[in-house]
4 protein chains.
Amino acid sequence: MIITMRDDSNLDQQRQIVRHIQERGFQTHVLGRGGDTVIGISGRTVTPVLREEFASLPGVAAVTPATRPYMLAQREARPDGTRVRVGEVVIGGAEPVIMAGPCVIEGHDQMLEAAQAVKAAGATMLRGGAFKPRTSPYSFQGLGEEGLKILALARDLTGLPVVTEVMEPDQVDLVAAYSDMLQIGSRNMANFPLLRRAATAGKPILLKRGFSATVEEWLMSAEYLLAGGNDQVVLCERGIRSFDTATRFTLDLNAVPLARQLTHLPVIVDPSHGTGRRELVEPMALAGMAAGAHGLIVEVHPSPDAALCDAQQSIAPEVLERIVARALALADLLAPAPRVTSITALAAD
Amino acid sequence: MIITMRDDSNLDQQRQIVRHIQERGFQTHVLGRGGDTVIGISGRTVTPVLREEFASLPGVAAVTPATRPYMLAQREARPDGTRVRVGEVVIGGAEPVIMAGPCVIEGHDQMLEAAQAVKAAGATMLRGGAFKPRTSPYSFQGLGEEGLKILALARDLTGLPVVTEVMEPDQVDLVAAYSDMLQIGSRNMANFPLLRRAATAGKPILLKRGFSATVEEWLMSAEYLLAGGNDQVVLCERGIRSFDTATRFTLDLNAVPLARQLTHLPVIVDPSHGTGRRELVEPMALAGMAAGAHGLIVEVHPSPDAALCDAQQSIAPEVLERIVARALALADLLAPAPRVTSITALAAD
Amino acid sequence: MIITMRDDSNLDQQRQIVRHIQERGFQTHVLGRGGDTVIGISGRTVTPVLREEFASLPGVAAVTPATRPYMLAQREARPDGTRVRVGEVVIGGAEPVIMAGPCVIEGHDQMLEAAQAVKAAGATMLRGGAFKPRTSPYSFQGLGEEGLKILALARDLTGLPVVTEVMEPDQVDLVAAYSDMLQIGSRNMANFPLLRRAATAGKPILLKRGFSATVEEWLMSAEYLLAGGNDQVVLCERGIRSFDTATRFTLDLNAVPLARQLTHLPVIVDPSHGTGRRELVEPMALAGMAAGAHGLIVEVHPSPDAALCDAQQSIAPEVLERIVARALALADLLAPAPRVTSITALAAD
Amino acid sequence: MIITMRDDSNLDQQRQIVRHIQERGFQTHVLGRGGDTVIGISGRTVTPVLREEFASLPGVAAVTPATRPYMLAQREARPDGTRVRVGEVVIGGAEPVIMAGPCVIEGHDQMLEAAQAVKAAGATMLRGGAFKPRTSPYSFQGLGEEGLKILALARDLTGLPVVTEVMEPDQVDLVAAYSDMLQIGSRNMANFPLLRRAATAGKPILLKRGFSATVEEWLMSAEYLLAGGNDQVVLCERGIRSFDTATRFTLDLNAVPLARQLTHLPVIVDPSHGTGRRELVEPMALAGMAAGAHGLIVEVHPSPDAALCDAQQSIAPEVLERIVARALALADLLAPAPRVTSITALAAD
């Protein structure tokens, strides 16, 4: 069950409602910053009598049932969508966000060069890995805190907000201290202790889809973040595992308009991991935008062939420049995005 | 090994080359209509000496090795691409093709109404099933020849060329007698006797990707058609089977730019089967175009909710109209399509 | 709706019932040879009144609703299971069937040598391909009718009944003339015209599961055969396509006990295609038996490394001999097979 | 590169070798308890000269190249296999291990009742979840430390060693304090910080395969544990995600003989998660044993229908009793297990 507060309600009313509901033995989860104020109610079933009682409290606009297992993430909780703010950048509005940068922060010069190049190419946020999940214990695992410092330097140099991955609960504070947005990687989408901890760091979160997660599971992981009190969540489709190895992953663009129907959270697309092949990044970036994404995250390297990680899927800054120009033109052409006419039941329901 | 003929070569030279090569114990496969004239050589290995001999024959422009198991379908065989002609419609050029119509031909009135509606909406070809592969032996299997007659009537009424599915070798002549293009459905992509027989019917062919076929297997099936002497082949990505049942299939748009790199054949996209959900058809149609497709095939029904087959994924003519307008604008905006910069090896190689 | 005839009913009663039902506007489908006589009713809904009427006809033991879309194949239609007879061999009883032989019939000597070797190793049926579905149009496609003649010779020599693949409707009579059992291959599981035609050939049928077919789709294809009047159908699990390429396919042994619950038809396992790796054939053959299979089909070659087709997964006759001994011991140990206690709803229902 | 110590070598020699190698700029990883003493060398390439130098050090039996990316886990590192000891139980030898118990520890009485029942049924280890990864933030997440205390009580009562899941690095010490073996769950197989931390807890580890992990990725995760100095690692195949939803997961038994070829670590099978359907647990448990597993882990509940978690796949103690009896008989019948004749390259290599 979710309660939507009236636009003209005040913080005091909200606190009273929360107290009132908790006194009746429920847990409450307040979504605040990125749109309508919404209070989720969990713990046990809300009876019709209680529902009426809650609906009549001062400041309440509506009481809505949970039609999905992810009541806070469901589109009905915020029909107008959520805006996520990362520094000056707003994700979820008409303007696409373009996050770009190298797979991994290799060193001071490479990162600063990359940062300036992606800024010049028109990107609006900077990405780069300091802690890297690697399949092999013997592979380079990232520069760690030193990498974070370089990333912060790159932000200062370019003015672009930065996003970087956090891999374990104990790293959350460290990574949050240096970056503007926390990335939960594909392998950690169902790392629930990490989700719980990341929700409380006071930073917006980029939640990548697990490469074998259903759309519903992805939204359930977002629900962990929302239930933890953080509504500044951006979803990222980055490719799923399929039987065809011609591409590294299968970018599941169906998930973009589907997620836009099912949830109010913004959705972006990662055509780099989603294809694993440099020459497919541009067309699939544009396809992602045409499918209705709010933006892109792209691996760019000053010298793609020399990249220490993901060289095969890294593009040069010139290619990024063309992608940015075309993505903006495309967003313009297709605005407003295809209307979400109706939400039909999932086959899996 | 493939031989490309010079632009100024003549049919007589071509015949002499074919005879010359066959006399040396090889099979030959001539691609004629849709682009450069190409002769494929199979049966045994071509020695360097023979290769030089073939290269020096009058009319030969180049002798190119088979870098892929699908030597005739590989992009290098016709770097400028193949044009497929269906009546007045040309597929594979700058102008997108939009095929539209009902899943199944239900009767005279429904089909003619649908035909006029899709014509009015701007479609350039008409689709409709007379023979339907159905999972259950107890389901409606299509009107058969009566359906074909109605389809031909719809063509006469609208002037739109028609495409319809053929399911078995013995049906090929019948279906070819009524339609302008033969469709090989997803379940029959690896029905090799059907491919062999369809190749010889003198009609262009729409080859849908098997929903569990790799891109390489799809191109191998195209190779059956080309080796059978028919170069008028259009590929259609229509969704693959994945672990997520939120959508009926997972439209694999990676396959579009990938196929455009690997082969010279045109590629179109089917967002109806590729999503199975009406409200996803428009965004995924546009995503397909942005990924570089040469066109679309869409299920449209005058009264979608009343459709006898695939009602959940059928759209109304008004939605088609918007898709057509946006697809054309998008093709315009993105022309020329992303350049194919380099062809790297498939992971599966 | 299905009607089960009484044990003491006679053919005349059966004919009268069929006529009676058809006169009321239904289609009927009679299952005869391999167990209880069952009459399936399709075409429209059976009202409660009609149901009572049918139940009271002379010779009727029971009228059972179709709880699954495959009413004839569903376990409830023949709780005691179906026995399939191929020559002297009975499939579906306590004795496991072991079909063995080369992937493809390469020639007279190879086939006869293989036949004698698999007979000596204890196999009870002989397999070998004369018509082969090949991904490439340039690969060896089998010896065709010449291969069938050699196969028949091998049967005469060994006394083992033979099974071989049929790929298209027009080949059915030819293949049926030479062989004791028709194989529908994995790529043709959903080739409905072929299923319809094969059902009428008067031969038992081995129906391989499509490598991307759900268990329900597999049983629907069996339903095509049963609805066509042929109840001599053996199902074969042969591996599905998954994301892991460490093995050629993923042998889905879950499908064995599941199919045994859902249907009365016998189920065998193909550990050769199901693994694609010679050294995994023995353990997975035994695993298939332990999962409840009624038998095995295995690729065996006198000189596995020299096999023209599927060399990587072909085993030597000595290995077959060990598999046969162990499979029989295992069937003995586990008899009776795990009881099917209850049939719960499929997740997909 | 790996160094195998001579059987008659001593700890002092081992320490000197480690020091010698580290002085040359390499990292070393010593595998001690469960079989031959092996020292892995990582960090940079070992030159032929250095290799010869290492081979000549006192106590060295052999220097073997890393033929796989998981040099410590590869079969060649310990051809005779690894024995894992959990209390009195030895895993990896001739005697199968049977771990059984409820999905989640629901309370004192349920757990003690379950423990006594599984002990009576013949199980050799006890399982039960105190910390549960749940898709929904609103679901019961386990009893936490209170659950661990109950589990320890159950061990004291029955004498059976206990295994339970650990979900985050900070929980490792707590879970290790109460349990005899740490379980890394399927969702955490690629949680590398957790693997690193768990390796150092001084407890044997049960490493479940990620439901979308390739066999190679699974062995790479094991390599994290081995490289962290813990060789007491048991692999567990528990089903992968496929396109068929008829079963909850697809138990990939191919992975069992494959893993036994590729690695020296013991492998067990989880037929409960691998099927998700109670009536399939027994046949698939037996199939797992026939495929060559060293044991089973099964969800058992005193009143399966009343289980708080995974009720659909929980079996009653009577069924476990039959599984134990049959599994032991089967292990007896098939001993020695199918010989690993040769290790061919993985397709993915």
# chains A, B, ... in the order shown; residues from 1 in each chain; ligands from 1

call {"tool": "residues_around", "arguments": {"residues": "range 145-150 of chain A", "least_positions_apart": "6", "cutoff": "9 Å", "atoms": "only C-alpha atoms", "output": "mmCIF file with N, CA and C atoms, in the first residue's frame"}}
result
data_model
loop_
_atom_site.group_PDB
_atom_site.id
_atom_site.type_symbol
_atom_site.label_atom_id
_atom_site.label_comp_id
_atom_site.auth_asym_id
_atom_site.auth_seq_id
_atom_site.Cartn_x
_atom_site.Cartn_y
_atom_site.Cartn_z
ATOM 1 N N VAL A 104 38.360 1.330 -16.746
ATOM 2 C CA VAL A 104 39.083 1.367 -15.477
ATOM 3 C C VAL A 104 40.016 2.581 -15.474
ATOM 4 N N ILE A 105 40.174 3.176 -14.304
ATOM 5 C CA ILE A 105 41.124 4.268 -14.137
ATOM 6 C C ILE A 105 42.507 3.646 -14.113
ATOM 7 N N GLU A 106 43.294 3.943 -15.159
ATOM 8 C CA GLU A 106 44.598 3.278 -15.272
ATOM 9 C C GLU A 106 45.698 4.107 -14.609
ATOM 10 N N GLY A 107 45.485 5.417 -14.572
ATOM 11 C CA GLY A 107 46.491 6.295 -13.966
ATOM 12 C C GLY A 107 46.065 7.728 -14.148
ATOM 13 N N HIS A 108 46.841 8.618 -13.596
ATOM 14 C CA HIS A 108 46.538 10.041 -13.580
ATOM 15 C C HIS A 108 46.368 10.600 -14.990
ATOM 16 N N MET A 111 43.464 9.138 -17.206
ATOM 17 C CA MET A 111 42.119 9.515 -16.758
ATOM 18 C C MET A 111 41.828 10.972 -17.076
ATOM 19 N N LEU A 112 42.817 11.827 -16.836
ATOM 20 C CA LEU A 112 42.554 13.249 -17.097
ATOM 21 C C LEU A 112 42.407 13.503 -18.596
ATOM 22 N N GLY A 128 34.372 5.846 -14.563
ATOM 23 C CA GLY A 128 35.706 5.254 -14.501
ATOM 24 C C GLY A 128 35.753 4.346 -13.292
ATOM 25 N N GLY A 129 36.367 3.169 -13.441
ATOM 26 C CA GLY A 129 36.350 2.185 -12.368
ATOM 27 C C GLY A 129 37.596 2.245 -11.498
ATOM 28 N N ALA A 130 37.409 2.299 -10.194
ATOM 29 C CA ALA A 130 38.534 2.235 -9.257
ATOM 30 C C ALA A 130 38.591 0.851 -8.599
ATOM 31 N N PHE A 131 37.417 0.290 -8.330
ATOM 32 C CA PHE A 131 37.317 -1.087 -7.825
ATOM 33 C C PHE A 131 36.635 -1.905 -8.917
ATOM 34 N N THR A 164 31.042 5.870 -10.141
ATOM 35 C CA THR A 164 32.013 4.769 -10.080
ATOM 36 C C THR A 164 31.433 3.633 -9.248
ATOM 37 N N LEU A 174 33.679 5.109 1.638
ATOM 38 C CA LEU A 174 34.869 5.568 0.917
ATOM 39 C C LEU A 174 34.500 6.038 -0.487
ATOM 40 N N VAL A 175 33.772 5.217 -1.201
ATOM 41 C CA VAL A 175 33.427 5.569 -2.582
ATOM 42 C C VAL A 175 32.509 6.794 -2.602
ATOM 43 N N TYR A 178 34.210 10.248 -2.501
ATOM 44 C CA TYR A 178 34.887 10.798 -3.676
ATOM 45 C C TYR A 178 33.973 10.992 -4.884
ATOM 46 N N SER A 179 32.851 10.293 -4.918
ATOM 47 C CA SER A 179 32.080 10.295 -6.167
ATOM 48 C C SER A 179 30.709 10.920 -5.974
#

call {"tool": "residues_around", "arguments": {"residues": "His264 in chain D", "least_positions_apart": "4", "cutoff": "8 Å", "atoms": "only C-alpha atoms", "output": "ChimeraX atom specification"}}
result
/D:73-82,260

call {"tool": "interface_residues", "arguments": {"of": "chain D", "to": "chain C", "cutoff": "8 Å", "atoms": "only C-alpha atoms", "output": "PyMOL selection string"}}
result
chain D and resi 212-216+242-248+250-254+257-258+275+279-280+282-284+286-292+326+329-330+333-334+338+340-343+346-348

call {"tool": "residues_around", "arguments": {"residues": "Ala123 in chain B", "least_positions_apart": "5", "cutoff": "9 Å", "atoms": "only C-alpha atoms", "output": "CSV table (one decimal) with N, CA and C atoms, in the first residue's frame"}}
result
chain,number,residue,atom,x,y,z
B,97,VAL,N,11.4,-0.1,-45.9
B,97,VAL,CA,10.2,-0.8,-46.3
B,97,VAL,C,9.4,-1.0,-45.1
B,98,ILE,N,8.1,-0.9,-45.2
B,98,ILE,CA,7.2,-1.1,-44.1
B,98,ILE,C,6.2,-2.2,-44.5
B,99,MET,N,6.3,-3.4,-44.0
B,99,MET,CA,5.4,-4.5,-44.3
B,99,MET,C,4.4,-4.5,-43.1
B,100,ALA,N,3.1,-4.6,-43.4
B,100,ALA,CA,2.1,-4.6,-42.3
B,100,ALA,C,0.9,-5.3,-42.8
B,118,VAL,N,-3.8,-0.3,-43.8
B,118,VAL,CA,-2.3,-0.3,-43.7
B,118,VAL,C,-1.8,0.5,-44.9
B,160,LEU,N,-0.3,-2.9,-53.2
B,160,LEU,CA,0.8,-3.3,-52.4
B,160,LEU,C,1.2,-4.7,-52.7
B,320,LEU,N,0.2,2.4,-36.4
B,320,LEU,CA,1.1,2.2,-37.6
B,320,LEU,C,1.4,3.5,-38.3
B,321,GLU,N,0.4,4.3,-38.4
B,321,GLU,CA,0.6,5.6,-39.1
B,321,GLU,C,1.7,6.4,-38.4
B,324,VAL,N,5.1,4.8,-39.0
B,324,VAL,CA,5.6,5.0,-40.4
B,324,VAL,C,6.2,6.4,-40.4

call {"tool": "atom_distance", "arguments": {"atom1": "CA of Leu195 in chain D", "atom2": "CA of Leu225 in chain D"}}
result
6.1 Å

call {"tool": "atom_distance", "arguments": {"atom1": "CA of Gly159 in chain C", "atom2": "CA of Ile91 in chain C"}}
result
16.8 Å

call {"tool": "atom_distance", "arguments": {"atom1": "CA of Ser56 in chain A", "atom2": "CA of Tyr138 in chain D"}}
result
25.6 Å

call {"tool": "residues_around", "arguments": {"residues": "Gly43 in chain C", "least_positions_apart": "3", "cutoff": "8 Å", "atoms": "only C-alpha atoms", "output": "JSON, numbers by chain"}}
result
{"B": [138], "C": [25, 26, 27]}

call {"tool": "select_by_dssp", "arguments": {"residues": "range 40-73 of chain D", "states": "strand (DSSP E)", "output": "list in words"}}
result
Gly40, Ile41, Ser42, Val60, Ala61, Ala62, Val63 and Thr64 of chain D

call {"tool": "write_last_selection", "arguments": {"atoms": "N, CA, C and O atoms", "output": "PDB file, in the first residue's frame"}}
result
ATOM      1  N   GLY D  40      51.123 -22.391  -5.889  1.00  0.00           N
ATOM      2  CA  GLY D  40      50.837 -21.650  -7.119  1.00  0.00           C
ATOM      3  C   GLY D  40      51.686 -20.396  -7.180  1.00  0.00           C
ATOM      4  O   GLY D  40      51.959 -19.772  -6.155  1.00  0.00           O
ATOM      5  N   ILE D  41      52.091 -20.034  -8.388  1.00  0.00           N
ATOM      6  CA  ILE D  41      52.952 -18.866  -8.592  1.00  0.00           C
ATOM      7  C   ILE D  41      52.233 -17.901  -9.521  1.00  0.00           C
ATOM      8  O   ILE D  41      51.863 -18.272 -10.637  1.00  0.00           O
ATOM      9  N   SER D  42      52.034 -16.681  -9.077  1.00  0.00           N
ATOM     10  CA  SER D  42      51.366 -15.708  -9.945  1.00  0.00           C
ATOM     11  C   SER D  42      52.107 -14.388  -9.914  1.00  0.00           C
ATOM     12  O   SER D  42      53.072 -14.212  -9.182  1.00  0.00           O
ATOM     13  N   VAL D  60      60.936 -30.275  -4.198  1.00  0.00           N
ATOM     14  CA  VAL D  60      60.019 -30.089  -5.333  1.00  0.00           C
ATOM     15  C   VAL D  60      59.888 -31.384  -6.126  1.00  0.00           C
ATOM     16  O   VAL D  60      60.888 -31.983  -6.520  1.00  0.00           O
ATOM     17  N   ALA D  61      58.643 -31.803  -6.350  1.00  0.00           N
ATOM     18  CA  ALA D  61      58.413 -33.004  -7.163  1.00  0.00           C
ATOM     19  C   ALA D  61      58.256 -32.641  -8.631  1.00  0.00           C
ATOM     20  O   ALA D  61      58.754 -33.331  -9.510  1.00  0.00           O
ATOM     21  N   ALA D  62      57.511 -31.576  -8.908  1.00  0.00           N
ATOM     22  CA  ALA D  62      57.253 -31.227 -10.305  1.00  0.00           C
ATOM     23  C   ALA D  62      56.850 -29.770 -10.424  1.00  0.00           C
ATOM     24  O   ALA D  62      56.308 -29.177  -9.480  1.00  0.00           O
ATOM     25  N   VAL D  63      57.139 -29.201 -11.569  1.00  0.00           N
ATOM     26  CA  VAL D  63      56.661 -27.860 -11.897  1.00  0.00           C
ATOM     27  C   VAL D  63      55.748 -28.001 -13.112  1.00  0.00           C
ATOM     28  O   VAL D  63      56.148 -28.568 -14.120  1.00  0.00           O
ATOM     29  N   THR D  64      54.513 -27.535 -12.974  1.00  0.00           N
ATOM     30  CA  THR D  64      53.506 -27.778 -14.010  1.00  0.00           C
ATOM     31  C   THR D  64      52.968 -26.448 -14.514  1.00  0.00           C
ATOM     32  O   THR D  64      52.673 -25.572 -13.699  1.00  0.00           O
TER      33      THR D  64
END
